[in-house]
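Source file: run_13.txt (compact mmCIF, C-alpha atoms)
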# COMPACT_ATOMS: atom_id res chain seq x y z
CA MET A 1 -80.68 114.06 -96.60
CA GLN A 2 -80.38 117.86 -96.41
CA SER A 3 -77.64 117.62 -93.77
CA GLN A 4 -75.45 115.66 -96.24
CA LEU A 5 -75.69 118.26 -99.00
CA PRO A 6 -73.13 120.81 -97.69
CA ALA A 7 -70.53 118.06 -97.26
CA ARG A 8 -71.03 116.99 -100.88
CA LEU A 9 -70.72 120.57 -102.03
CA VAL A 10 -67.53 121.00 -100.07
CA ARG A 11 -66.06 117.88 -101.67
CA CYS A 12 -67.08 119.03 -105.16
CA LEU A 13 -65.62 122.47 -104.59
CA SER A 14 -62.39 121.08 -103.23
CA VAL A 15 -61.93 118.93 -106.36
CA SER A 16 -62.84 121.62 -108.86
CA SER A 17 -60.65 124.23 -107.22
CA SER A 18 -57.50 122.06 -107.31
CA PRO A 19 -54.83 123.18 -109.79
CA ALA A 20 -55.73 122.11 -113.32
CA SER A 21 -52.46 120.32 -113.95
CA SER A 22 -51.82 118.69 -110.56
CA THR A 23 -53.70 115.45 -111.06
CA LEU A 24 -52.13 114.60 -114.40
CA GLN A 25 -48.73 115.68 -113.12
CA GLU A 26 -49.14 113.42 -110.11
CA LEU A 27 -50.31 110.54 -112.29
CA ALA A 28 -47.29 111.06 -114.52
CA PHE A 29 -45.00 110.90 -111.50
CA ALA A 30 -46.73 107.73 -110.27
CA HIS A 31 -46.38 106.23 -113.75
CA ASN A 32 -42.67 107.04 -113.86
CA PRO A 33 -40.95 108.58 -110.80
CA LYS A 34 -38.17 109.86 -113.07
CA GLY A 35 -40.79 111.89 -114.89
CA VAL A 36 -42.73 111.66 -118.15
CA ALA A 37 -41.54 113.76 -121.10
CA LYS A 38 -43.59 116.80 -122.06
CA VAL A 39 -44.42 117.93 -125.57
CA VAL A 40 -45.01 121.67 -125.24
CA LEU A 41 -47.29 123.30 -127.81
CA LYS A 42 -46.69 126.59 -129.59
CA LYS A 43 -48.57 129.65 -128.45
CA GLY A 44 -52.09 129.71 -129.90
CA LYS A 45 -52.18 125.98 -130.73
CA THR A 46 -53.54 124.65 -127.43
CA GLN A 47 -57.27 125.27 -127.93
CA LEU A 48 -57.44 123.09 -131.06
CA PHE A 49 -56.42 120.05 -129.00
CA LYS A 50 -58.46 121.01 -125.94
CA ASP A 51 -61.42 121.03 -128.32
CA GLY A 52 -60.74 117.41 -129.15
CA SER A 53 -58.46 117.19 -132.19
CA PRO A 54 -56.56 113.94 -131.57
CA MET A 55 -53.55 114.53 -133.82
CA VAL A 56 -50.74 116.84 -132.68
CA TYR A 57 -48.87 117.77 -135.85
CA SER A 58 -45.15 118.36 -135.56
CA GLY A 59 -45.68 121.97 -136.68
CA ALA A 60 -47.74 122.65 -133.54
CA VAL A 61 -44.88 121.67 -131.21
CA ASP A 62 -42.63 124.30 -129.66
CA ARG A 63 -40.27 122.13 -127.63
CA ILE A 64 -39.88 118.81 -125.87
CA ILE A 65 -38.88 118.57 -122.22
CA GLY A 66 -37.35 115.35 -120.93
CA ARG A 67 -33.98 113.66 -120.48
CA PRO A 68 -33.41 111.27 -122.06
CA PRO A 69 -35.74 112.42 -124.84
CA PRO A 70 -38.81 110.23 -125.46
CA LYS A 71 -38.69 107.44 -128.03
CA THR A 72 -41.21 106.29 -130.62
CA GLY A 73 -44.22 104.70 -128.92
CA ASP A 74 -43.58 106.32 -125.52
CA ALA A 75 -46.42 107.89 -123.57
CA VAL A 76 -45.87 111.66 -123.20
CA LEU A 77 -47.69 114.59 -121.67
CA VAL A 78 -48.94 117.30 -124.03
CA ALA A 79 -48.70 120.73 -122.41
CA ASP A 80 -49.64 124.32 -123.21
CA GLY A 81 -47.06 127.06 -123.62
CA GLU A 82 -46.82 127.44 -119.83
CA GLU A 83 -45.96 123.73 -119.56
CA ARG A 84 -49.31 122.84 -117.95
CA PRO A 85 -50.46 119.40 -119.17
CA ILE A 86 -53.67 119.31 -121.21
CA GLY A 87 -53.54 115.56 -121.94
CA TRP A 88 -51.34 112.66 -122.89
CA GLY A 89 -50.69 110.52 -125.92
CA MET A 90 -48.31 108.35 -127.92
CA TYR A 91 -45.15 110.00 -129.22
CA ASN A 92 -43.37 109.63 -132.56
CA PRO A 93 -40.50 112.02 -133.44
CA VAL A 94 -40.42 110.82 -137.07
CA SER A 95 -44.12 111.02 -138.00
CA MET A 96 -45.95 114.15 -139.13
CA PHE A 97 -48.23 113.24 -136.21
CA CYS A 98 -45.85 113.98 -133.35
CA VAL A 99 -48.40 112.85 -130.74
CA ARG A 100 -51.64 110.90 -131.07
CA LEU A 101 -53.67 112.15 -128.10
CA MET A 102 -55.31 109.42 -126.04
CA GLN A 103 -56.87 111.35 -123.13
CA LEU A 104 -57.40 114.99 -122.24
CA GLU A 105 -56.72 115.96 -118.65
CA ASP A 106 -60.34 116.05 -117.45
CA GLU A 107 -60.90 112.54 -118.74
CA ALA A 108 -57.68 111.32 -117.14
CA LYS A 109 -58.91 112.73 -113.83
CA ARG A 110 -62.26 110.94 -114.19
CA ASP A 111 -60.65 107.63 -115.12
CA SER A 112 -57.18 107.63 -113.63
CA SER A 113 -56.79 103.86 -114.17
CA CYS A 114 -56.23 104.53 -117.89
CA ALA A 115 -54.03 107.61 -117.52
CA LEU A 116 -50.64 106.97 -119.16
CA ASN A 117 -51.49 103.25 -119.06
CA MET A 118 -51.82 102.10 -122.65
CA GLU A 119 -52.57 98.49 -121.76
CA LYS A 120 -55.55 99.49 -119.61
CA LEU A 121 -56.69 102.09 -122.15
CA LEU A 122 -56.69 99.46 -124.91
CA GLU A 123 -58.81 97.11 -122.79
CA THR A 124 -61.29 99.89 -122.01
CA ARG A 125 -61.62 101.25 -125.54
CA ILE A 126 -61.77 97.93 -127.38
CA ASP A 127 -64.43 96.78 -124.92
CA ALA A 128 -66.36 100.02 -125.52
CA ALA A 129 -66.03 99.52 -129.29
CA MET A 130 -67.46 96.01 -129.03
CA GLN A 131 -70.35 97.23 -126.89
CA LEU A 132 -71.11 99.93 -129.47
CA ARG A 133 -71.25 97.37 -132.30
CA GLN A 134 -73.51 95.12 -130.28
CA SER A 135 -75.84 98.07 -129.68
CA LEU A 136 -75.90 98.56 -133.47
CA GLY A 137 -76.94 94.93 -133.95
CA LEU A 138 -73.53 93.60 -135.00
CA PRO A 139 -72.83 90.79 -135.38
CA SER A 140 -76.27 89.39 -136.17
CA ALA A 141 -77.88 86.25 -137.57
CA ASP A 142 -77.44 87.55 -141.14
CA THR A 143 -74.24 89.66 -140.80
CA ASN A 144 -70.92 88.58 -139.31
CA ALA A 145 -68.59 90.96 -141.19
CA PHE A 146 -68.15 94.36 -139.55
CA ARG A 147 -65.64 96.93 -138.34
CA LEU A 148 -64.84 96.60 -134.65
CA VAL A 149 -62.34 99.45 -134.26
CA ASN A 150 -62.25 102.48 -136.58
CA SER A 151 -59.10 104.40 -135.66
CA GLU A 152 -59.89 107.96 -134.50
CA GLY A 153 -63.63 107.18 -134.51
CA ASP A 154 -63.03 104.74 -131.65
CA ARG A 155 -60.31 106.92 -130.13
CA LEU A 156 -57.46 104.57 -131.05
CA SER A 157 -55.75 106.49 -133.84
CA GLY A 158 -53.84 104.21 -136.20
CA LEU A 159 -55.69 101.00 -135.27
CA ILE A 160 -58.36 99.37 -137.45
CA VAL A 161 -59.93 96.00 -136.66
CA ASP A 162 -62.33 94.25 -139.01
CA VAL A 163 -64.14 91.08 -137.91
CA PHE A 164 -64.96 88.37 -140.44
CA GLY A 165 -66.74 85.55 -138.63
CA ASP A 166 -64.17 84.13 -136.21
CA ILE A 167 -61.25 86.08 -137.74
CA ALA A 168 -60.10 89.56 -136.69
CA VAL A 169 -58.00 91.43 -139.25
CA ILE A 170 -55.90 94.22 -137.75
CA ALA A 171 -54.70 97.01 -140.03
CA SER A 172 -51.92 98.95 -138.36
CA SER A 173 -50.92 102.44 -139.52
CA ALA A 174 -49.14 103.82 -136.43
CA ALA A 175 -45.87 102.91 -134.73
CA TRP A 176 -47.54 102.65 -131.31
CA VAL A 177 -49.84 99.91 -132.65
CA GLU A 178 -46.82 97.85 -133.63
CA LYS A 179 -45.27 98.41 -130.20
CA TYR A 180 -48.41 97.26 -128.42
CA LYS A 181 -49.14 94.29 -130.68
CA PRO A 182 -49.18 91.72 -127.82
CA GLU A 183 -51.55 93.84 -125.72
CA ILE A 184 -53.88 94.44 -128.68
CA GLU A 185 -53.91 90.74 -129.52
CA ALA A 186 -54.73 89.89 -125.90
CA CYS A 187 -57.72 92.28 -125.97
CA ILE A 188 -59.03 90.87 -129.26
CA HIS A 189 -58.65 87.28 -128.03
CA GLU A 190 -60.93 88.20 -125.11
CA ILE A 191 -63.81 88.42 -127.61
CA SER A 192 -65.36 84.95 -127.46
CA GLU A 193 -66.18 84.71 -131.18
CA ILE A 194 -62.60 85.40 -132.33
CA ASN A 195 -60.36 82.37 -132.98
CA HIS A 196 -57.80 83.86 -135.39
CA ILE A 197 -55.99 87.18 -135.76
CA ASN A 198 -54.42 88.39 -139.00
CA TRP A 199 -52.17 91.48 -138.97
CA ARG A 200 -52.14 93.66 -142.10
CA PRO A 201 -49.56 96.40 -141.49
CA SER A 202 -49.98 99.40 -143.80
CA VAL A 203 -46.35 99.20 -144.89
CA ASP A 204 -46.13 102.50 -146.81
CA ILE A 205 -47.68 104.49 -143.97
CA LEU A 206 -45.56 102.73 -141.35
CA LYS A 207 -42.45 103.65 -143.31
CA GLU A 208 -43.49 107.27 -142.80
CA GLU A 209 -43.80 106.40 -139.11
CA GLY A 210 -40.11 105.46 -139.12
CA LEU A 211 -40.52 101.67 -139.10
CA ASP A 212 -38.48 99.24 -141.20
CA ALA A 213 -40.71 97.48 -143.75
CA SER A 214 -38.58 94.32 -143.80
CA ASN A 215 -38.97 93.94 -140.03
CA LEU A 216 -42.72 94.35 -140.36
CA LYS A 217 -43.03 91.37 -142.70
CA GLU A 218 -41.04 89.22 -140.27
CA MET A 219 -43.11 90.35 -137.31
CA HIS A 220 -46.44 89.53 -138.94
CA SER A 221 -46.04 85.97 -140.14
CA SER A 222 -49.53 84.58 -139.64
CA THR A 223 -51.08 81.16 -139.15
CA CYS A 224 -54.47 82.60 -140.06
CA PRO A 225 -56.26 80.97 -143.03
CA GLU A 226 -55.82 82.86 -146.32
CA ARG A 227 -59.51 82.62 -147.20
CA THR A 228 -62.76 82.53 -145.29
CA LYS A 229 -66.50 82.92 -145.81
CA VAL A 230 -68.70 85.61 -144.28
CA MET A 231 -72.32 86.69 -144.41
CA GLU A 232 -73.62 90.23 -144.90
CA ASN A 233 -77.33 91.01 -144.99
CA GLY A 234 -78.01 87.33 -145.66
CA ILE A 235 -75.65 87.10 -148.65
CA ARG A 236 -72.61 84.84 -148.38
CA TYR A 237 -69.17 85.94 -149.58
CA ALA A 238 -65.87 84.13 -150.05
CA ILE A 239 -63.15 86.59 -149.13
CA SER A 240 -59.39 86.53 -149.45
CA LEU A 241 -57.47 87.80 -146.44
CA GLU A 242 -54.59 88.48 -148.82
CA GLY A 243 -56.86 90.70 -150.94
CA GLN A 244 -57.44 94.44 -150.97
CA LYS A 245 -57.42 96.35 -147.66
CA THR A 246 -58.45 93.95 -144.88
CA GLY A 247 -60.11 91.60 -147.37
CA PHE A 248 -63.69 92.93 -147.54
CA TYR A 249 -65.30 96.37 -147.75
CA ALA A 250 -67.72 96.39 -144.82
CA ASP A 251 -68.08 100.18 -145.19
CA GLN A 252 -70.53 99.81 -148.13
CA ARG A 253 -72.85 97.37 -146.30
CA GLU A 254 -75.78 99.80 -145.95
CA SER A 255 -75.51 101.03 -149.55
CA ARG A 256 -75.33 97.46 -150.86
CA LYS A 257 -78.51 96.64 -148.98
CA PHE A 258 -80.14 99.77 -150.42
CA ILE A 259 -79.32 98.54 -153.96
CA SER A 260 -81.20 95.31 -153.21
CA THR A 261 -84.33 97.34 -152.43
CA ILE A 262 -84.42 99.19 -155.78
CA SER A 263 -83.31 96.48 -158.23
CA ASP A 264 -86.49 94.47 -158.75
CA GLY A 265 -87.10 94.04 -162.49
CA GLN A 266 -84.07 96.18 -163.38
CA LYS A 267 -81.04 95.67 -165.62
CA VAL A 268 -77.97 96.47 -163.50
CA LEU A 269 -74.31 97.20 -164.29
CA ASP A 270 -71.69 97.06 -161.49
CA ILE A 271 -68.40 98.74 -162.58
CA CYS A 272 -65.27 98.00 -160.48
CA CYS A 273 -67.28 95.27 -158.80
CA TYR A 274 -64.42 93.62 -156.82
CA SER A 275 -65.95 90.43 -155.32
CA GLY A 276 -69.46 91.35 -156.48
CA GLY A 277 -71.04 93.02 -153.45
CA PHE A 278 -73.39 95.40 -155.27
CA ALA A 279 -74.07 92.93 -158.10
CA LEU A 280 -75.05 90.14 -155.71
CA ASN A 281 -77.39 92.47 -153.82
CA ALA A 282 -79.00 93.57 -157.08
CA ALA A 283 -79.58 89.94 -158.06
CA ARG A 284 -80.97 89.12 -154.62
CA GLY A 285 -83.28 92.14 -154.98
CA GLY A 286 -84.85 90.76 -158.17
CA ALA A 287 -82.81 92.33 -160.98
CA VAL A 288 -83.52 90.63 -164.30
CA ASN A 289 -79.92 90.90 -165.46
CA VAL A 290 -76.72 91.89 -163.63
CA THR A 291 -73.26 92.41 -165.12
CA GLY A 292 -70.15 93.00 -163.00
CA ILE A 293 -66.90 94.40 -164.44
CA ASP A 294 -63.44 94.37 -162.86
CA SER A 295 -59.85 94.22 -164.08
CA SER A 296 -58.65 91.98 -161.22
CA LEU A 297 -58.71 88.25 -161.93
CA PRO A 298 -58.51 87.24 -158.21
CA ALA A 299 -61.44 89.53 -157.43
CA LEU A 300 -63.53 88.06 -160.23
CA GLU A 301 -62.73 84.52 -159.11
CA LEU A 302 -64.20 85.43 -155.73
CA ALA A 303 -67.22 87.05 -157.40
CA LYS A 304 -67.92 83.95 -159.47
CA GLU A 305 -67.53 81.76 -156.39
CA ASN A 306 -70.06 84.00 -154.63
CA ILE A 307 -72.67 83.27 -157.33
CA VAL A 308 -72.40 79.58 -156.46
CA LEU A 309 -72.34 80.20 -152.70
CA ASN A 310 -75.68 82.00 -152.94
CA ASN A 311 -77.33 79.57 -155.39
CA MET A 312 -77.87 82.36 -157.91
CA ASP A 313 -78.68 81.83 -161.57
CA PRO A 314 -75.48 82.34 -163.63
CA GLU A 315 -77.70 83.23 -166.59
CA ARG A 316 -78.97 86.24 -164.64
CA ILE A 317 -75.68 87.44 -163.07
CA SER A 318 -72.25 87.38 -164.70
CA PHE A 319 -68.81 88.89 -164.20
CA LEU A 320 -66.37 90.01 -166.90
CA ARG A 321 -62.68 90.88 -166.70
CA GLU A 322 -62.08 94.21 -168.43
CA ASP A 323 -60.74 97.68 -167.78
CA ALA A 324 -63.61 99.86 -166.55
CA ALA A 325 -63.11 102.75 -168.97
CA GLU A 326 -62.54 100.47 -171.98
CA PHE A 327 -65.66 98.44 -171.21
CA MET A 328 -67.80 101.57 -170.87
CA LYS A 329 -66.49 103.04 -174.14
CA GLY A 330 -67.22 99.77 -175.95
CA ALA A 331 -70.69 99.46 -174.43
CA HIS A 332 -71.50 103.04 -175.43
CA SER A 333 -70.36 102.38 -179.00
CA ARG A 334 -72.77 99.41 -179.07
CA ASN A 335 -75.60 101.64 -177.75
CA GLU A 336 -75.97 99.50 -174.62
CA SER A 337 -77.65 100.96 -171.53
CA TRP A 338 -78.73 99.91 -168.05
CA ASP A 339 -81.49 100.92 -165.61
CA ILE A 340 -79.04 101.10 -162.70
CA VAL A 341 -75.29 101.65 -162.95
CA ILE A 342 -72.95 101.38 -159.96
CA LEU A 343 -69.45 102.87 -160.19
CA ASP A 344 -67.15 102.19 -157.23
CA PRO A 345 -63.56 102.75 -158.42
CA PRO A 346 -60.43 102.22 -156.33
CA LYS A 347 -58.84 105.14 -154.49
CA LEU A 348 -57.84 107.63 -157.23
CA ALA A 349 -56.66 110.41 -154.90
CA PRO A 350 -54.54 108.91 -152.10
CA ARG A 351 -53.03 112.36 -151.40
CA LYS A 352 -54.23 115.95 -151.70
CA LYS A 353 -51.38 116.73 -154.09
CA VAL A 354 -52.87 114.41 -156.75
CA LEU A 355 -56.45 115.65 -156.23
CA GLN A 356 -56.48 117.73 -159.41
CA SER A 357 -55.42 114.89 -161.69
CA ALA A 358 -57.75 112.48 -159.84
CA SER A 359 -60.63 114.91 -160.35
CA GLY A 360 -60.20 114.52 -164.11
CA MET A 361 -60.27 110.73 -163.81
CA TYR A 362 -63.43 110.84 -161.68
CA ARG A 363 -65.08 113.19 -164.17
CA ASN A 364 -64.21 111.00 -167.18
CA LEU A 365 -65.30 107.74 -165.54
CA ASN A 366 -68.59 109.23 -164.34
CA SER A 367 -69.27 110.80 -167.72
CA LEU A 368 -68.93 107.36 -169.31
CA ALA A 369 -71.15 105.80 -166.64
CA MET A 370 -73.85 108.43 -167.22
CA ARG A 371 -73.84 107.69 -170.95
CA LEU A 372 -74.61 104.04 -170.11
CA THR A 373 -77.48 104.95 -167.77
CA LYS A 374 -80.92 104.94 -169.37
CA ARG A 375 -82.66 108.30 -169.31
CA GLY A 376 -84.53 108.38 -166.04
CA GLY A 377 -82.27 105.62 -164.69
CA LEU A 378 -80.06 105.65 -161.61
CA LEU A 379 -76.31 105.98 -161.12
CA MET A 380 -74.77 105.11 -157.76
CA THR A 381 -71.26 106.54 -157.84
CA CYS A 382 -68.61 106.38 -155.14
CA SER A 383 -65.28 107.79 -154.07
CA CYS A 384 -63.22 106.13 -151.36
CA SER A 385 -60.54 108.84 -151.58
CA GLY A 386 -60.42 110.84 -148.35
CA ALA A 387 -58.85 113.77 -150.19
CA MET A 388 -61.84 113.90 -152.57
CA THR A 389 -64.52 113.49 -149.89
CA GLN A 390 -62.93 116.10 -147.64
CA SER A 391 -62.48 118.58 -150.51
CA GLY A 392 -66.27 118.83 -150.87
CA THR A 393 -65.90 118.93 -154.68
CA PHE A 394 -67.27 115.51 -155.63
CA LEU A 395 -70.76 116.78 -156.52
CA ARG A 396 -69.27 119.57 -158.61
CA ILE A 397 -67.17 117.00 -160.48
CA LEU A 398 -70.31 114.91 -161.07
CA GLN A 399 -72.06 117.96 -162.48
CA GLY A 400 -69.10 118.45 -164.82
CA ALA A 401 -69.35 114.80 -165.83
CA ALA A 402 -73.05 115.24 -166.63
CA SER A 403 -72.26 118.25 -168.79
CA MET A 404 -69.59 116.23 -170.66
CA ALA A 405 -72.12 113.43 -171.22
CA GLY A 406 -74.88 115.80 -172.32
CA ARG A 407 -77.07 114.61 -169.45
CA LYS A 408 -78.96 116.22 -166.56
CA ILE A 409 -78.62 114.82 -163.03
CA THR A 410 -80.53 115.17 -159.79
CA LEU A 411 -79.28 114.09 -156.38
CA LEU A 412 -81.39 111.42 -154.63
CA ARG A 413 -79.20 110.11 -151.82
CA GLN A 414 -75.88 110.86 -150.12
CA ALA A 415 -74.18 108.33 -147.84
CA GLY A 416 -70.83 107.52 -146.33
CA ALA A 417 -69.42 104.51 -144.54
CA ALA A 418 -71.74 102.23 -142.56
CA CYS A 419 -72.54 103.03 -138.93
CA ASP A 420 -69.83 100.71 -137.58
CA HIS A 421 -67.30 103.20 -139.04
CA PRO A 422 -67.73 106.08 -136.57
CA ILE A 423 -66.03 109.43 -137.29
CA ASP A 424 -64.64 111.90 -134.75
CA PRO A 425 -66.06 115.31 -135.79
CA SER A 426 -62.92 116.99 -134.43
CA TYR A 427 -60.92 114.96 -136.96
CA PRO A 428 -62.87 115.28 -140.24
CA GLU A 429 -59.96 113.66 -142.09
CA GLY A 430 -61.47 110.39 -140.87
CA ALA A 431 -64.30 110.78 -143.42
CA TYR A 432 -63.21 109.13 -146.66
CA LEU A 433 -66.19 107.47 -148.39
CA SER A 434 -68.75 109.26 -150.57
CA ASN A 435 -71.69 107.31 -152.00
CA ILE A 436 -73.98 109.36 -154.23
CA LEU A 437 -77.19 108.21 -155.91
CA LEU A 438 -78.18 110.23 -158.97
CA ARG A 439 -81.11 110.21 -161.32
CA VAL A 440 -79.75 110.62 -164.85
CA LEU A 441 -81.96 112.31 -167.44
Conversion result in structure tokens:
Amino acid sequence: MQSQLPARLVRCLSVSSSPASSTLQELAFAHNPKGVAKVVLKKGKTQLFKDGSPMVYSGAVDRIIGRPPPKTGDAVLVADGEERPIGWGMYNPVSMFCVRLMQLEDEAKRDSSCALNMEKLLETRIDAAMQLRQSLGLPSADTNAFRLVNSEGDRLSGLIVDVFGDIAVIASSAAWVEKYKPEIEACIHEISEINHINWRPSVDILKEEGLDASNLKEMHSSTCPERTKVMENGIRYAISLEGQKTGFYADQRESRKFISTISDGQKVLDICCYSGGFALNAARGGAVNVTGIDSSLPALELAKENIVLNNMDPERISFLREDAAEFMKGAHSRNESWDIVILDPPKLAPRKKVLQSASGMYRNLNSLAMRLTKRGGLLMTCSCSGAMTQSGTFLRILQGAASMAGRKITLLRQAGAACDHPIDPSYPEGAYLSNILLRVL
């Protein structure tokens, strides 16, 4: 055993002492003997990406080497100012994200089968994503709706895959995802439970990626059913695959379950209830009365169908179509109040530039919700706006709302998206959901 040790050391030393760029350069040559284009970073920008940030912004790029120049969706090397490769990724000259990094050089050396090979990388990462969900207990006997791929959190920036029973819904927000549609479909079809795939291109974002929206609609004609039924934490839901986002908000699964644990004997109000997720959990948890409010008729039709699906008493849980703010103003004028209020509005700040105006809307809505919460009662309030969550100002806005309402609040619980929505810490922009539980005095 001891006689083998020096030989191992020699091999280790010979690998570690090889030039840092040679392996990736050689792999690039093997991938394309004519050469792979290089995106060369500006001086001082390299460390950010070596540290793991997956998005190379166009402002970080000094020059591009390669003739002919690379096209949208091509694999390119990303190099430091001395033209030494640090990794590779998918190129887009139109997008603000010039390159979405897929592997750094050390990783490419360890797993050369995936280096500059998007088809193999997709197989590897989607398989790893499925293994992760299985380790988290998904799917299970009482939950078959979950997120399988969460963009940067699963190291496939621009690709989201939600699973609803035997249907996979793919939300595409990057040009490379559109280019590799057949390969992605093939990987998803390898999952034994999946029988249907529904593509939901994020048209507005893909326009910014340089894609033609009219072509997208033609490309994504689907034979997938428009509606299906899923189960989450033992509660059944009818969902529309033509509805909001991918059709169902799996990110709030853990917070919905939490509501079921605190609702026994309580009177509960669910504002912006969509298809009734929080309201149904409150009823299942023993709430004596539950009211859900939403302005969307299709959403409320699903919510009412969900009452029947779960054999719940329609005298104990009901859904009303009304504007959230108008309902809360009317309820306050009638001196109505609830033990638990849930406020989960749609995205009010889709961009940082509208954050200030959105802050006012969040403050006003939460002030109304606090007025409807019994003294000593609970308010669960949410923001799904990434710009708001990342600004770190949501709690300050809630304090302002409490002041407006003449109430005092204490923080009981802070949560984000469920554990099947992993976040890459080197890309904090992936964090978008805030779920705050307050005691209102």
- Which of these residues is nearest to Pro70 (chain A), using only C-alpha atoms: A:Lys43, A:Lys38, A:Arg284, A:Lys120? A:Lys38
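Distance check against Ile65 (chain A) using only C-alpha atoms: of A:Gly276, A:Arg256, A:Gly89, A:Val40, the minimum falls on A:Val40.
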Residues near region 241-248 of chain A, cut-off 9 Å, only C-alpha atoms, skip fewer than 6 positions along chain, as a PDB file with C-alpha atoms, keeping the file's coordinate frame:
ATOM      1  CA  ALA A 145     -68.590  90.960-141.190  1.00  0.00           C
ATOM      2  CA  VAL A 161     -59.930  96.000-136.660  1.00  0.00           C
ATOM      3  CA  ASP A 162     -62.330  94.250-139.010  1.00  0.00           C
ATOM      4  CA  PHE A 164     -64.960  88.370-140.440  1.00  0.00           C
ATOM      5  CA  VAL A 169     -58.000  91.430-139.250  1.00  0.00           C
ATOM      6  CA  ILE A 170     -55.900  94.220-137.750  1.00  0.00           C
ATOM      7  CA  ALA A 171     -54.700  97.010-140.030  1.00  0.00           C
ATOM      8  CA  ASN A 198     -54.420  88.390-139.000  1.00  0.00           C
ATOM      9  CA  TRP A 199     -52.170  91.480-138.970  1.00  0.00           C
ATOM     10  CA  ARG A 200     -52.140  93.660-142.100  1.00  0.00           C
ATOM     11  CA  SER A 202     -49.980  99.400-143.800  1.00  0.00           C
ATOM     12  CA  CYS A 224     -54.470  82.600-140.060  1.00  0.00           C
ATOM     13  CA  PRO A 225     -56.260  80.970-143.030  1.00  0.00           C
ATOM     14  CA  GLU A 226     -55.820  82.860-146.320  1.00  0.00           C
ATOM     15  CA  ARG A 227     -59.510  82.620-147.200  1.00  0.00           C
ATOM     16  CA  THR A 228     -62.760  82.530-145.290  1.00  0.00           C
ATOM     17  CA  SER A 275     -65.950  90.430-155.320  1.00  0.00           C
ATOM     18  CA  PRO A 298     -58.510  87.240-158.210  1.00  0.00           C
ATOM     19  CA  ALA A 299     -61.440  89.530-157.430  1.00  0.00           C
TER      20      ALA A 299
END
Would you compute, for all listed atoms of region 284-287 of chain A, the axis-aligned bounding box grown by 3 Å on each side, and then report its centre and edge lengths in Å rounded to one decimal, as lines of an AutoDock Vina configuration file?
center_x = -82.9
center_y = 90.7
center_z = -157.8
size_x = 9.9
size_y = 9.2
size_z = 12.4
- Task: Could you tell me how far CA of Pro182 (chain A) lies from CA of Gly210 (chain A), in Å and to one decimal?
- Result: 20.0 Å
- Separation of CA of Thr143 (chain A) and CA of Ala418 (chain A), in Å? 12.9 Å
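Across the structure, CA of Met328 (chain A) and CA of Ile271 (chain A) are spaced 8.8 Å apart.
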- Item | Nearest to Val61 (chain A) by atom-to-atom distance, counting only C-alpha atoms, from A:Tyr249, A:Val99, A:Phe29, A:Gly165 | A:Val99
- Tell me which protein, DNA and RNA residues are within 10 Å of region 125-135 of chain A, counting only C-alpha atoms, leaving out same-chain ones fewer than 5 positions away, and put them as a VMD selection string. chain A and resid 114 120 140 146 to 150 153 to 156 161 184 187 to 188 190 to 191 419 to 422
Write the residues you've just listed into a file as a short mmCIF file (atom, residue, chain, number, x, y, z; two decimals), in the coordinates of the input, and include C-alpha atoms for each of them.
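Final file, result.cif:
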data_model
loop_
_atom_site.label_atom_id
_atom_site.label_comp_id
_atom_site.auth_asym_id
_atom_site.auth_seq_id
_atom_site.Cartn_x
_atom_site.Cartn_y
_atom_site.Cartn_z
CA CYS A 114 -56.23 104.53 -117.89
CA LYS A 120 -55.55 99.49 -119.61
CA SER A 140 -76.27 89.39 -136.17
CA PHE A 146 -68.15 94.36 -139.55
CA ARG A 147 -65.64 96.93 -138.34
CA LEU A 148 -64.84 96.60 -134.65
CA VAL A 149 -62.34 99.45 -134.26
CA ASN A 150 -62.25 102.48 -136.58
CA GLY A 153 -63.63 107.18 -134.51
CA ASP A 154 -63.03 104.74 -131.65
CA ARG A 155 -60.31 106.92 -130.13
CA LEU A 156 -57.46 104.57 -131.05
CA VAL A 161 -59.93 96.00 -136.66
CA ILE A 184 -53.88 94.44 -128.68
CA CYS A 187 -57.72 92.28 -125.97
CA ILE A 188 -59.03 90.87 -129.26
CA GLU A 190 -60.93 88.20 -125.11
CA ILE A 191 -63.81 88.42 -127.61
CA CYS A 419 -72.54 103.03 -138.93
CA ASP A 420 -69.83 100.71 -137.58
CA HIS A 421 -67.30 103.20 -139.04
CA PRO A 422 -67.73 106.08 -136.57
#
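Using all atoms listed in the file, the shortest contact distance between Leu101 (chain A) and any of A:Thr261, A:Ser157, A:Ser58, A:Thr46 is found at A:Ser157.
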- Rank nothing, just name the residue among A:Leu372, A:Ala213, A:Val163, A:Leu41 nearest to His196 (chain A), using all atoms listed in the file.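 Of A:Leu372, A:Ala213, A:Val163, A:Leu41, the one nearest His196 (chain A), counting all atoms listed in the file, is A:Val163.
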- Kindly indicate which residue among A:Ile293, A:Leu159, A:Leu437, A:Ala28 lies nearest to Ala415 (chain A), using all atoms listed in the file for the distances.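 Between A:Ile293, A:Leu159, A:Leu437, A:Ala28, the residue approaching Ala415 (chain A) most closely is A:Leu437.
Residues in contact range of Gly386 (chain A), defined as at most 8 Å between all atoms listed in the file, with sequence neighbours fewer than 2 positions away removed, read A:Ala349, A:Pro350, A:Cys384, A:Met388, A:Thr389, A:Gln390, A:Glu429, A:Gly430, A:Ala431, A:Tyr432, A:Leu433.
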Restricted to C-alpha atoms, what would the selected residues look like written as a compact mmCIF listing (two decimals), in the frame of the given file?
# COMPACT_ATOMS: atom_id res chain seq x y z
CA ALA A 349 -56.66 110.41 -154.90
CA PRO A 350 -54.54 108.91 -152.10
CA CYS A 384 -63.22 106.13 -151.36
CA MET A 388 -61.84 113.90 -152.57
CA THR A 389 -64.52 113.49 -149.89
CA GLN A 390 -62.93 116.10 -147.64
CA GLU A 429 -59.96 113.66 -142.09
CA GLY A 430 -61.47 110.39 -140.87
CA ALA A 431 -64.30 110.78 -143.42
CA TYR A 432 -63.21 109.13 -146.66
CA LEU A 433 -66.19 107.47 -148.39
